[in-house]
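K.L.:
mmCIF, C-alpha atoms and all ligand atoms, file start.cif:
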data_my_file
loop_
_atom_site.label_atom_id
_atom_site.label_comp_id
_atom_site.auth_asym_id
_atom_site.auth_seq_id
_atom_site.Cartn_x
_atom_site.Cartn_y
_atom_site.Cartn_z
CA MET J 1 -87.07 68.81 60.68
CA VAL J 2 -90.04 69.12 58.39
CA GLN J 3 -90.36 69.02 54.63
CA LYS J 4 -89.09 72.12 52.84
CA LEU J 5 -91.33 74.56 51.01
CA ASP J 6 -88.58 74.68 48.47
CA GLU J 7 -90.70 75.11 45.37
CA TYR J 8 -91.29 78.71 46.40
CA LEU J 9 -88.94 81.42 45.20
CA LYS J 10 -88.07 84.75 46.80
CA GLU J 11 -88.98 87.98 45.05
CA SER J 12 -85.97 89.67 43.46
CA PRO J 13 -84.75 92.37 45.84
CA SER J 14 -85.38 95.93 44.70
CA GLN J 15 -82.54 98.35 44.04
CA THR J 16 -82.85 102.08 43.62
CA ALA J 17 -83.83 103.38 40.19
CA GLY J 18 -80.82 105.67 40.54
CA PRO J 19 -80.18 109.06 38.94
CA TYR J 20 -80.45 107.77 35.37
CA VAL J 21 -83.82 105.98 35.43
CA HIS J 22 -84.98 108.30 32.67
CA ILE J 23 -82.44 106.81 30.24
CA GLY J 24 -84.18 103.47 30.58
CA CYS J 25 -87.82 104.44 31.02
CA THR J 26 -88.24 107.78 29.26
CA PRO J 27 -85.24 107.84 26.90
CA LYS J 28 -86.71 110.36 24.50
CA PHE J 29 -87.04 112.80 27.42
CA THR J 30 -83.26 112.51 27.93
CA GLY J 31 -82.53 113.00 24.24
CA ILE J 32 -82.03 109.32 23.33
CA ASP J 33 -84.44 108.73 20.48
CA ILE J 34 -84.53 104.98 19.87
CA TYR J 35 -88.17 103.96 20.35
CA GLY J 36 -90.11 107.07 19.36
CA GLU J 37 -92.60 108.39 21.92
CA ASP J 38 -91.83 107.48 25.54
CA LEU J 39 -94.06 104.77 27.01
CA GLY J 40 -96.83 106.18 29.17
CA ALA J 41 -96.37 109.74 27.85
CA SER J 42 -99.96 109.69 26.65
CA MET J 43 -102.88 107.88 28.28
CA LYS J 44 -105.37 108.63 25.53
CA THR J 45 -105.26 107.13 22.05
CA GLY J 46 -108.49 108.74 20.82
CA PRO J 47 -111.67 110.32 22.14
CA VAL J 48 -112.26 109.03 25.69
CA LYS J 49 -115.42 108.50 27.71
CA GLY J 50 -115.94 110.23 31.04
CA GLN J 51 -114.68 113.47 32.55
CA GLU J 52 -111.25 114.50 31.31
CA ILE J 53 -109.02 115.79 34.09
CA MET J 54 -105.46 116.93 34.66
CA ILE J 55 -103.43 115.73 37.64
CA LYS J 56 -100.45 117.84 38.68
CA GLY J 57 -98.06 117.49 41.56
CA THR J 58 -94.54 117.53 42.90
CA VAL J 59 -92.60 115.02 45.00
CA PHE J 60 -90.81 116.62 47.99
CA ASP J 61 -88.04 115.18 50.15
CA GLY J 62 -87.76 115.56 53.94
CA THR J 63 -86.23 119.03 53.60
CA GLY J 64 -89.06 120.28 51.40
CA THR J 65 -86.91 120.20 48.26
CA PRO J 66 -88.67 119.04 45.07
CA LEU J 67 -87.30 115.87 43.47
CA ARG J 68 -86.21 116.51 39.91
CA ASP J 69 -84.95 113.00 39.22
CA ALA J 70 -88.02 110.95 40.12
CA MET J 71 -90.19 108.83 37.85
CA ILE J 72 -93.89 108.76 38.66
CA GLU J 73 -96.30 106.18 37.30
CA ILE J 74 -100.06 106.09 37.69
CA TRP J 75 -102.53 103.27 37.04
CA GLN J 76 -106.28 103.65 37.10
CA PRO J 77 -109.56 102.41 35.63
CA ASP J 78 -111.48 104.26 32.94
CA GLY J 79 -114.40 106.59 33.63
CA GLU J 80 -116.65 103.59 34.24
CA GLY J 81 -114.32 101.78 36.62
CA LEU J 82 -112.90 99.24 34.15
CA PHE J 83 -109.19 98.56 33.74
CA ASN J 84 -107.56 98.28 30.33
CA SER J 85 -105.87 95.05 31.44
CA ALA J 86 -105.78 91.37 30.53
CA ASN J 87 -106.92 90.67 34.11
CA GLU J 88 -110.09 92.76 33.79
CA THR J 89 -113.01 90.31 33.77
CA ARG J 90 -115.93 92.65 34.48
CA GLY J 91 -116.22 94.14 31.02
CA GLN J 92 -114.44 95.90 28.18
CA ALA J 93 -112.63 99.08 29.19
CA ASP J 94 -112.62 102.20 27.00
CA PRO J 95 -110.26 101.15 24.16
CA ASN J 96 -109.01 104.75 23.77
CA PHE J 97 -107.81 104.98 27.37
CA THR J 98 -104.73 103.05 28.52
CA GLY J 99 -105.14 103.76 32.25
CA TRP J 100 -101.37 103.92 32.64
CA GLY J 101 -99.22 107.03 32.68
CA ARG J 102 -95.54 107.62 33.31
CA SER J 103 -93.93 111.00 33.92
CA PRO J 104 -90.30 112.02 34.44
CA GLY J 105 -91.49 115.34 35.86
CA ASP J 106 -90.51 118.74 34.53
CA MET J 107 -86.76 119.02 33.88
CA ASN J 108 -86.47 122.22 35.99
CA THR J 109 -89.25 122.07 38.58
CA GLY J 110 -89.87 118.33 38.92
CA GLU J 111 -93.63 118.89 38.56
CA PHE J 112 -95.45 115.93 37.00
CA THR J 113 -98.58 116.23 34.87
CA PHE J 114 -101.03 113.54 33.78
CA ASP J 115 -103.72 114.19 31.20
CA THR J 116 -106.28 111.54 32.17
CA VAL J 117 -109.93 110.89 33.05
CA LYS J 118 -111.63 110.83 36.41
CA PRO J 119 -111.65 107.15 37.41
CA GLY J 120 -114.86 105.24 38.00
CA THR J 121 -115.30 103.06 41.06
CA VAL J 122 -113.84 99.60 41.65
CA PRO J 123 -114.94 97.06 44.28
CA PHE J 124 -112.92 96.00 47.33
CA PRO J 125 -112.44 92.21 47.67
CA ASP J 126 -115.47 92.02 49.99
CA GLY J 127 -117.72 93.67 47.40
CA ARG J 128 -117.99 97.15 48.96
CA MET J 129 -117.22 99.93 46.50
CA GLN J 130 -114.00 101.89 46.89
CA ALA J 131 -113.93 105.64 46.42
CA PRO J 132 -112.53 106.79 43.05
CA HIS J 133 -108.76 106.67 43.23
CA VAL J 134 -105.58 106.63 41.15
CA THR J 135 -102.70 104.32 42.10
CA PHE J 136 -99.28 106.01 42.21
CA TRP J 137 -95.81 104.47 42.13
CA VAL J 138 -92.74 106.64 42.78
CA VAL J 139 -89.11 105.72 42.21
CA ALA J 140 -85.98 107.86 42.33
CA ARG J 141 -82.38 108.00 43.43
CA GLY J 142 -82.36 107.41 47.18
CA ILE J 143 -85.58 105.38 47.14
CA ASN J 144 -84.55 101.76 47.68
CA ILE J 145 -87.90 100.23 46.83
CA GLY J 146 -90.65 101.88 44.78
CA LEU J 147 -93.27 103.65 46.88
CA HIS J 148 -96.94 102.83 46.31
CA THR J 149 -99.64 105.27 47.27
CA ARG J 150 -103.11 106.29 46.16
CA MET J 151 -104.67 109.58 45.20
CA TYR J 152 -108.30 110.13 46.17
CA PHE J 153 -110.40 113.20 45.31
CA GLU J 154 -111.24 115.80 47.96
CA ASP J 155 -114.53 116.54 46.15
CA GLU J 156 -115.73 112.94 46.65
CA ALA J 157 -116.42 113.38 50.36
CA ASP J 158 -119.28 110.86 50.57
CA ALA J 159 -117.43 108.12 48.70
CA ASN J 160 -114.26 108.80 50.72
CA ALA J 161 -116.20 108.56 54.00
CA ALA J 162 -117.35 105.06 53.01
CA ASP J 163 -114.08 103.85 51.47
CA PRO J 164 -112.88 100.54 52.99
CA ILE J 165 -109.24 101.66 53.06
CA LEU J 166 -109.56 105.33 54.02
CA THR J 167 -111.83 104.40 56.93
CA ARG J 168 -109.40 101.85 58.34
CA ILE J 169 -106.45 104.25 58.58
CA GLU J 170 -105.60 104.59 62.26
CA HIS J 171 -104.34 108.16 62.11
CA GLN J 172 -107.30 109.86 60.44
CA ASN J 173 -105.46 113.20 60.54
CA ARG J 174 -103.14 111.79 57.86
CA VAL J 175 -105.97 110.97 55.40
CA PRO J 176 -105.72 114.43 53.76
CA THR J 177 -102.24 113.45 52.50
CA LEU J 178 -104.09 111.14 50.08
CA LEU J 179 -106.60 113.71 48.83
CA ALA J 180 -106.03 115.63 45.61
CA LYS J 181 -107.03 119.27 45.84
CA LYS J 182 -109.24 120.75 43.18
CA GLU J 183 -107.33 123.70 41.69
CA ALA J 184 -109.74 124.53 38.91
CA ASP J 185 -112.48 122.76 37.00
CA GLY J 186 -110.95 119.43 35.99
CA VAL J 187 -107.53 120.20 37.49
CA TYR J 188 -106.35 118.39 40.61
CA ARG J 189 -103.12 118.82 42.57
CA PHE J 190 -101.55 115.88 44.36
CA ASP J 191 -98.22 116.67 46.01
CA ILE J 192 -96.29 113.76 47.50
CA ARG J 193 -94.16 114.26 50.61
CA LEU J 194 -91.64 111.50 51.21
CA GLN J 195 -90.88 112.47 54.80
CA GLY J 196 -91.56 114.90 57.61
CA GLU J 197 -94.56 117.12 58.14
CA GLY J 198 -97.46 116.02 55.99
CA GLU J 199 -95.67 112.79 54.99
CA THR J 200 -97.84 111.02 52.44
CA ILE J 201 -99.29 107.68 53.50
CA PHE J 202 -97.48 104.96 51.56
CA PHE J 203 -98.89 101.48 51.12
CA ASP J 204 -97.47 98.02 51.60
CA ILE J 205 -99.62 96.35 49.00
CA MET D 1 -118.61 72.34 44.94
CA THR D 2 -115.32 74.19 45.41
CA ILE D 3 -113.49 75.91 42.58
CA ILE D 4 -109.83 76.91 42.78
CA LYS D 5 -108.72 79.94 40.79
CA ASN D 6 -105.47 81.89 40.42
CA THR D 7 -107.29 85.07 41.22
CA GLY D 8 -106.39 85.63 44.82
CA GLY D 9 -104.43 88.60 46.05
CA PHE D 10 -100.69 88.95 45.77
CA VAL D 11 -98.51 87.42 48.48
CA PRO D 12 -97.21 90.22 50.75
CA ARG D 13 -93.70 91.50 50.17
CA ASP D 14 -91.07 90.12 52.52
CA ARG D 15 -89.85 93.45 53.83
CA ASN D 16 -86.90 91.82 55.62
CA TRP D 17 -85.66 90.46 52.31
CA GLN D 18 -86.24 93.76 50.53
CA PRO D 19 -84.09 96.81 51.38
CA ALA D 20 -85.33 99.16 54.09
CA ALA D 21 -86.23 102.73 53.09
CA LEU D 22 -83.72 104.34 55.47
CA THR D 23 -80.16 103.15 54.83
CA PRO D 24 -77.72 105.86 56.02
CA GLN D 25 -74.75 104.30 54.23
CA TYR D 26 -76.57 105.33 51.05
CA LYS D 27 -76.81 109.00 51.94
CA THR D 28 -79.55 110.07 49.53
CA SER D 29 -81.96 107.69 51.26
CA VAL D 30 -81.80 109.69 54.49
CA LYS D 31 -84.13 112.49 53.37
CA ARG D 32 -86.05 110.41 50.82
CA SER D 33 -87.24 107.64 53.15
CA PRO D 34 -90.75 107.66 54.63
CA GLN D 35 -90.66 107.45 58.43
CA ALA D 36 -94.20 106.33 59.19
CA ALA D 37 -95.12 102.67 58.92
CA LEU D 38 -96.46 101.58 55.55
CA LEU D 39 -100.21 100.98 55.42
CA SER D 40 -100.96 97.31 54.71
CA PHE D 41 -104.14 96.03 53.12
CA PRO D 42 -105.10 93.19 50.81
CA THR D 43 -104.52 93.86 47.10
CA THR D 44 -107.58 94.96 45.14
CA LEU D 45 -108.24 95.15 41.40
CA SER D 46 -106.19 98.38 41.35
CA GLU D 47 -103.10 96.34 42.24
CA GLU D 48 -104.06 93.03 40.60
CA THR D 49 -104.38 94.53 37.12
CA ASN D 50 -101.63 95.95 34.94
CA PRO D 51 -101.23 97.61 31.55
CA VAL D 52 -100.64 95.15 28.71
CA PHE D 53 -97.64 95.61 26.43
CA GLY D 54 -97.72 93.80 23.10
CA HIS D 55 -94.73 92.46 21.16
CA ASN D 56 -95.88 94.61 18.23
CA MET D 57 -94.66 97.77 19.99
CA LEU D 58 -91.06 96.52 19.88
CA GLY D 59 -88.59 97.62 17.21
CA ASP D 60 -86.12 95.14 15.70
CA LEU D 61 -83.15 96.54 17.60
CA ASP D 62 -84.86 97.33 20.91
CA ASN D 63 -83.09 94.32 22.50
CA ASP D 64 -79.72 95.01 20.87
CA LEU D 65 -77.85 97.77 22.72
CA ILE D 66 -74.77 97.12 20.60
CA HIS D 67 -76.61 98.44 17.56
CA ASN D 68 -79.76 100.33 18.56
CA TYR D 69 -77.97 103.68 18.86
CA ALA D 70 -75.03 102.99 16.56
CA ALA D 71 -74.45 104.60 13.20
CA SER D 72 -75.10 102.34 10.25
CA GLY D 73 -72.34 99.73 9.98
CA GLU D 74 -70.91 100.59 13.40
CA SER D 75 -71.32 99.07 16.85
CA ALA D 76 -70.80 99.96 20.50
CA ILE D 77 -67.33 99.47 21.99
CA GLY D 78 -66.78 96.98 24.80
CA PRO D 79 -66.99 93.30 25.74
CA ARG D 80 -69.96 91.86 23.84
CA ILE D 81 -72.40 89.94 26.03
CA ILE D 82 -75.80 88.29 25.89
CA VAL D 83 -77.99 88.69 28.96
CA HIS D 84 -80.78 86.14 29.21
CA GLY D 85 -82.99 84.50 31.78
CA ARG D 86 -86.57 84.00 32.82
CA VAL D 87 -89.13 86.05 34.68
CA LEU D 88 -90.90 83.85 37.22
CA ASP D 89 -93.23 84.49 40.13
CA GLU D 90 -92.68 83.34 43.69
CA MET D 91 -94.72 80.21 42.98
CA GLY D 92 -92.18 79.31 40.29
CA ARG D 93 -94.62 80.00 37.43
CA PRO D 94 -93.27 81.72 34.31
CA VAL D 95 -94.49 85.28 33.69
CA PRO D 96 -95.14 85.65 29.94
CA GLY D 97 -95.69 89.06 28.38
CA ALA D 98 -93.63 90.89 31.04
CA LEU D 99 -92.12 94.17 29.83
CA LEU D 100 -88.44 94.54 30.72
CA GLU D 101 -86.69 97.87 30.24
CA PHE D 102 -82.96 98.07 30.93
CA TRP D 103 -80.36 100.83 31.04
CA GLN D 104 -76.67 100.97 31.76
CA ALA D 105 -73.39 102.85 31.52
CA ASN D 106 -71.07 102.24 28.57
CA ALA D 107 -67.94 100.07 28.72
CA GLY D 108 -66.05 102.93 30.36
CA GLY D 109 -68.67 103.40 33.06
CA ARG D 110 -70.19 106.55 31.57
CA TYR D 111 -73.93 107.24 31.13
CA ARG D 112 -75.38 109.25 28.29
CA HIS D 113 -76.97 111.87 30.55
CA LYS D 114 -76.50 115.60 31.06
CA LYS D 115 -76.14 115.21 34.84
CA GLU D 116 -73.33 112.66 34.47
CA SER D 117 -69.92 114.07 35.45
CA TYR D 118 -67.55 111.06 35.24
CA LEU D 119 -64.65 111.87 32.94
CA ALA D 120 -64.77 108.53 31.10
CA PRO D 121 -65.68 109.22 27.45
CA LEU D 122 -69.06 108.77 25.79
CA ASP D 123 -69.25 106.12 23.11
CA PRO D 124 -70.94 107.79 20.12
CA ASN D 125 -72.42 104.42 19.14
CA PHE D 126 -73.93 103.55 22.52
CA GLY D 127 -77.22 104.96 23.85
CA GLY D 128 -77.52 102.74 26.90
CA CYS D 129 -81.14 101.55 26.90
CA GLY D 130 -83.12 98.63 25.55
CA ARG D 131 -86.33 96.73 26.15
CA THR D 132 -88.01 93.41 25.48
CA ILE D 133 -91.09 91.36 26.39
CA THR D 134 -90.91 87.83 27.81
CA GLY D 135 -92.10 84.86 25.76
CA GLU D 136 -94.67 82.23 26.74
CA ASP D 137 -92.14 80.49 29.00
CA GLY D 138 -91.16 83.78 30.70
CA SER D 139 -87.82 83.86 28.91
CA TYR D 140 -86.06 86.92 27.55
CA GLU D 141 -82.68 87.86 26.11
CA PHE D 142 -80.85 90.90 24.85
CA ARG D 143 -77.44 91.80 23.56
CA THR D 144 -75.25 94.55 24.94
CA ILE D 145 -71.72 95.42 25.98
CA GLN D 146 -70.53 94.81 29.52
CA PRO D 147 -70.84 98.10 31.43
CA GLY D 148 -67.89 99.46 33.36
CA PRO D 149 -67.84 100.28 37.09
CA TYR D 150 -68.07 103.99 37.90
CA PRO D 151 -67.44 106.36 40.80
CA TRP D 152 -70.31 108.24 42.43
CA PRO D 153 -70.61 110.95 45.04
CA ASN D 154 -71.59 109.32 48.34
CA GLY D 155 -68.60 108.49 50.51
CA MET D 156 -65.16 109.87 49.60
CA ASN D 157 -64.34 106.92 47.34
CA ASP D 158 -67.42 104.92 46.40
CA TRP D 159 -67.61 102.97 43.14
CA ARG D 160 -70.60 101.15 41.72
CA PRO D 161 -69.97 97.58 40.66
CA ALA D 162 -70.68 96.97 36.97
CA HIS D 163 -74.45 96.67 36.71
CA ILE D 164 -77.48 96.80 34.46
CA HIS D 165 -80.70 98.45 35.72
CA PHE D 166 -83.97 96.58 35.09
CA SER D 167 -87.55 97.84 35.25
CA VAL D 168 -90.16 95.07 35.21
CA PHE D 169 -93.93 94.99 34.59
CA GLY D 170 -95.58 91.66 35.38
CA HIS D 171 -99.30 90.95 35.53
CA GLY D 172 -100.30 93.22 38.39
CA PHE D 173 -99.27 96.72 39.42
CA ALA D 174 -98.40 95.17 42.82
CA GLN D 175 -95.52 93.36 41.07
CA ARG D 176 -93.93 96.54 39.76
CA LEU D 177 -90.20 96.29 40.36
CA ILE D 178 -86.96 98.10 39.60
CA THR D 179 -83.72 96.32 40.38
CA GLN D 180 -80.12 95.91 39.22
CA MET D 181 -78.16 92.98 37.85
CA TYR D 182 -74.56 92.49 38.96
CA PHE D 183 -71.81 90.37 37.40
CA GLU D 184 -70.28 87.26 38.96
CA GLY D 185 -66.86 87.86 40.45
CA ASP D 186 -66.99 91.65 40.70
CA PRO D 187 -65.22 92.64 43.96
CA HIS D 188 -67.08 95.99 44.02
CA ILE D 189 -70.36 94.22 44.81
CA TRP D 190 -69.40 93.72 48.45
CA LEU D 191 -68.05 97.28 48.82
CA CYS D 192 -71.09 99.10 47.41
CA PRO D 193 -73.38 101.08 49.77
CA ILE D 194 -76.33 100.62 47.38
CA VAL D 195 -75.91 96.83 47.30
CA ASP D 196 -75.49 97.03 51.08
CA THR D 197 -79.04 98.41 51.43
CA ILE D 198 -80.01 94.72 51.17
CA ASP D 199 -79.30 93.02 54.51
CA ASP D 200 -79.54 89.36 53.54
CA LYS D 201 -76.46 87.95 51.79
CA ALA D 202 -78.60 85.42 49.91
CA ALA D 203 -80.81 88.25 48.67
CA VAL D 204 -77.74 90.08 47.31
CA GLU D 205 -76.56 86.88 45.65
CA SER D 206 -79.92 86.56 43.91
CA LEU D 207 -79.00 89.71 41.94
CA ILE D 208 -75.61 88.40 40.76
CA ALA D 209 -75.68 86.89 37.28
CA PRO D 210 -73.31 83.97 36.64
CA LEU D 211 -71.24 83.63 33.49
CA ASP D 212 -73.16 81.15 31.31
CA MET D 213 -70.80 79.35 28.95
CA HIS D 214 -73.75 77.32 27.57
CA ARG D 215 -75.20 80.40 25.92
CA THR D 216 -71.90 81.99 24.98
CA VAL D 217 -71.50 82.40 21.21
CA PRO D 218 -67.95 81.34 20.27
CA MET D 219 -65.84 84.13 18.78
CA ASP D 220 -68.73 86.57 19.31
CA SER D 221 -70.31 87.13 22.77
CA ARG D 222 -70.09 85.78 26.26
CA ALA D 223 -73.38 85.23 28.12
CA TYR D 224 -74.74 85.96 31.61
CA LYS D 225 -77.91 84.43 33.01
CA PHE D 226 -80.21 86.57 35.14
CA ASP D 227 -83.56 85.29 36.39
CA ILE D 228 -86.03 87.74 37.90
CA VAL D 229 -88.70 86.77 40.43
CA LEU D 230 -91.89 88.80 40.85
CA ARG D 231 -94.42 88.56 43.65
CA GLY D 232 -96.67 85.51 43.57
CA ARG D 233 -100.42 85.47 43.45
CA ARG D 234 -102.32 83.10 45.67
CA GLN D 235 -104.93 80.65 44.62
CA THR D 236 -108.37 81.15 46.08
CA PHE D 237 -111.02 78.68 46.97
CA PHE D 238 -114.44 79.77 45.88
CA GLU D 239 -117.09 77.86 47.76
CA ASN D 240 -120.39 77.94 45.99
CA ARG D 241 -122.83 78.47 48.82
CA VAL D 242 -126.55 78.31 48.47
CA GLU D 243 -128.01 81.79 48.81
CA GLY D 244 -129.53 82.47 52.23
CA MET D 245 -127.83 79.66 54.13
FE FE J 301 -76.25 102.83 37.44
#
Could you write out this structure as structure tokens?

P.N.:
Amino acid sequence: MVQKLDEYLKESPSQTAGPYVHIGCTPKFTGIDIYGEDLGASMKTGPVKGQEIMIKGTVFDGTGTPLRDAMIEIWQPDGEGLFNSANETRGQADPNFTGWGRSPGDMNTGEFTFDTVKPGTVPFPDGRMQAPHVTFWVVARGINIGLHTRMYFEDEADANAADPILTRIEHQNRVPTLLAKKEADGVYRFDIRLQGEGETIFFDI
Amino acid sequence: MTIIKNTGGFVPRDRNWQPAALTPQYKTSVKRSPQAALLSFPTTLSEETNPVFGHNMLGDLDNDLIHNYAASGESAIGPRIIVHGRVLDEMGRPVPGALLEFWQANAGGRYRHKKESYLAPLDPNFGGCGRTITGEDGSYEFRTIQPGPYPWPNGMNDWRPAHIHFSVFGHGFAQRLITQMYFEGDPHIWLCPIVDTIDDKAAVESLIAPLDMHRTVPMDSRAYKFDIVLRGRRQTFFENRVEGM
């Protein structure tokens, strides 16, 4: 026997967000008006710096059916690469940009939309710069533990080719599952496939 | 000189303790579970930062589900309870400023949602959601009514144990967590295919809140204690090296 590492605790196990996650996280969307505007419904609180963009997408299951009961959250730095977070030590982020968005998706189609800014760059722990990216988190009925992924930009080819994470992915033919497609000026599409052909790369972070 | 800071990356998730993505007993997971291996890499600032939620965004009744949807002078029907506990990290440190959002069925097991088909009645005075932010010691509490168990379409005769859903924001996006709290003594816990997505019995037990007579308010509310643990962040040693050595 050895001494026990008993001061450490185990993370609480995840359980599915279930079919009614929107009651708890976007109640106004479900018609329960207690708090006023749903948290994360708007990422801008005033005029923002940087390029304003729209991110659109749909989450598909393994049969190609869109999820209409998912909740999608994104987290990103401002246009200069600074996070609006207590843990940000590199400088003061744009005070009019929260960096955090939450979407219940469209009631009928499941399509999510985020009105945001193109993120600046953020260093990897070893100091190399990462390509501009947006962190995604997806929960829904049938998803036992929230899925983390990242959206990169297809029109940032040089930065993507030098990105410390994109370059270490073994199956390089799957990298396009992380690239948002430019649909129009300032409009990017990022569809998420939970399973099957074109399955999005999900992260264990 | 060596400096130690709490600014290392987050400790990896124990994926054997957490539920797997594919759990056929919970049928919806079959087509919603990624099949490729997850991509592992050390957390970066994108995962080590988090939006900040201030106490000033909270309304007076946000943590009182008995009253936050009720008509003036009325209250939700059902057994009145207080749910309280602490949010800690895996190192045992309190997590202050954590946003907790919770949602639940009413005392009859019915959700206020258009897709809900259970024939139990809606309670006109119960909305079913609340939220709060932990204090400096990581503690939180809210008041609600005990939710009822409810049937759901999965197997021919599956019932959810009484439960409250929790969404938690800690100090890093890597800690983001949604889970469910169960109630001590509920026989449905061990029959539920969703609970059964967790393999380890001790892990299931960590989601079961005990009755807490110490916090019960006589002639008013019983209490249940539910602690939540988020991923821990490691300490890093920064060695100040002379440039060029
Ligand atoms: Fe539920």

K.L.:
Counting all atoms listed in the file, which residues of chain J come no farther than 8 Å from chain D, as a PyMOL selection string?

P.N.:
chain J and resi 7-17+20-21+23-25+27+30+32+34-35+61-63+75-77+83-88+98-100+122-125+135+141-146+165+169+194-196+199+201-205

K.L.:
So, counting only C-alpha atoms and all ligand atoms, which residue among J:Pro47, J:Glu197, J:Pro19, J:Lys4 is closest to ligand FE 301 (chain J)?

P.N.:
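Smallest distance to ligand FE 301 (chain J) is found for J:Pro19.
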
K.L.:
Rounded to one decimal place, report the atom CA of J:Arg174-atom CA of J:Glu52 distance in Å.

P.N.:
27.9 Å

K.L.:
Residues at most 9 Å from stretch 109-117 of chain J, counting all atoms listed in the file, excluding those fewer than 5 positions away in the same chain, as an MDAnalysis selection string?

P.N.:
chainID J and resid 41:44 48:59 66:72 74 77:79 97 99 101:104

K.L.:
Nearest to ligand FE 301 (chain J) among D:Val168, D:Asp60, D:Asp123, D:Pro161, with distances taken over all atoms listed in the file: which residue is it?

P.N.:
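So, comparing all the options, the nearest one is D:Pro161.
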
K.L.:
Mind pulling up the distance from atom CA of J:Glu154 to atom CA of J:Asp126?

P.N.:
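Between atom CA of J:Asp126 and atom CA of J:Glu154 the gap works out to 24.2 Å.
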
K.L.:
State, in Å with one decimal place, the distance from atom CA of J:Asp185 to atom CA of J:Thr167.

P.N.:
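Here the two named atoms are 27.1 Å from each other.
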
K.L.:
Calculated over all atoms listed in the file, which of the candidates J:Gly105, J:Gln3, J:Leu166, J:Ala140 has the smallest distance to ligand FE 301 (chain J)?

P.N.:
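Of J:Gly105, J:Gln3, J:Leu166, J:Ala140, the one nearest ligand FE 301 (chain J), counting all atoms listed in the file, is J:Ala140.
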
K.L.:
List the spatial neighbours of J:Pro164 as a list in words - criterion: any atom at most 9 Å away, only C-alpha atoms, same-chain residues fewer than 3 positions off excluded.

P.N.:
Phe124, Arg128, Met129, Gln130, Ala131, Asn160, Ala161, Thr167 and Arg168 of chain J

K.L.:
Nearest residue to ligand FE 301 (chain J) out of J:Val2, J:Gly18, J:Asn96, J:Gly127, using only C-alpha atoms and all ligand atoms?

P.N.:
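Nearest candidate to ligand FE 301 (chain J) out of J:Val2, J:Gly18, J:Asn96, J:Gly127: J:Gly18.
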
K.L.:
Restricting the calculation to only C-alpha atoms and all ligand atoms: of D:Thr216, D:Ser139, D:Thr134, D:Asn106, which residue gets closest to ligand FE 301 (chain J)?

P.N.:
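Result for the nearest residue to ligand FE 301 (chain J): D:Asn106.
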
K.L.:
From the set D:His67, D:Arg160, D:Arg80, D:Arg86, which residue has the shortest atom-to-atom contact distance to ligand FE 301 (chain J), counting all atoms listed in the file?

P.N.:
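Using all atoms listed in the file, ligand FE 301 (chain J) sits closest to D:Arg160.
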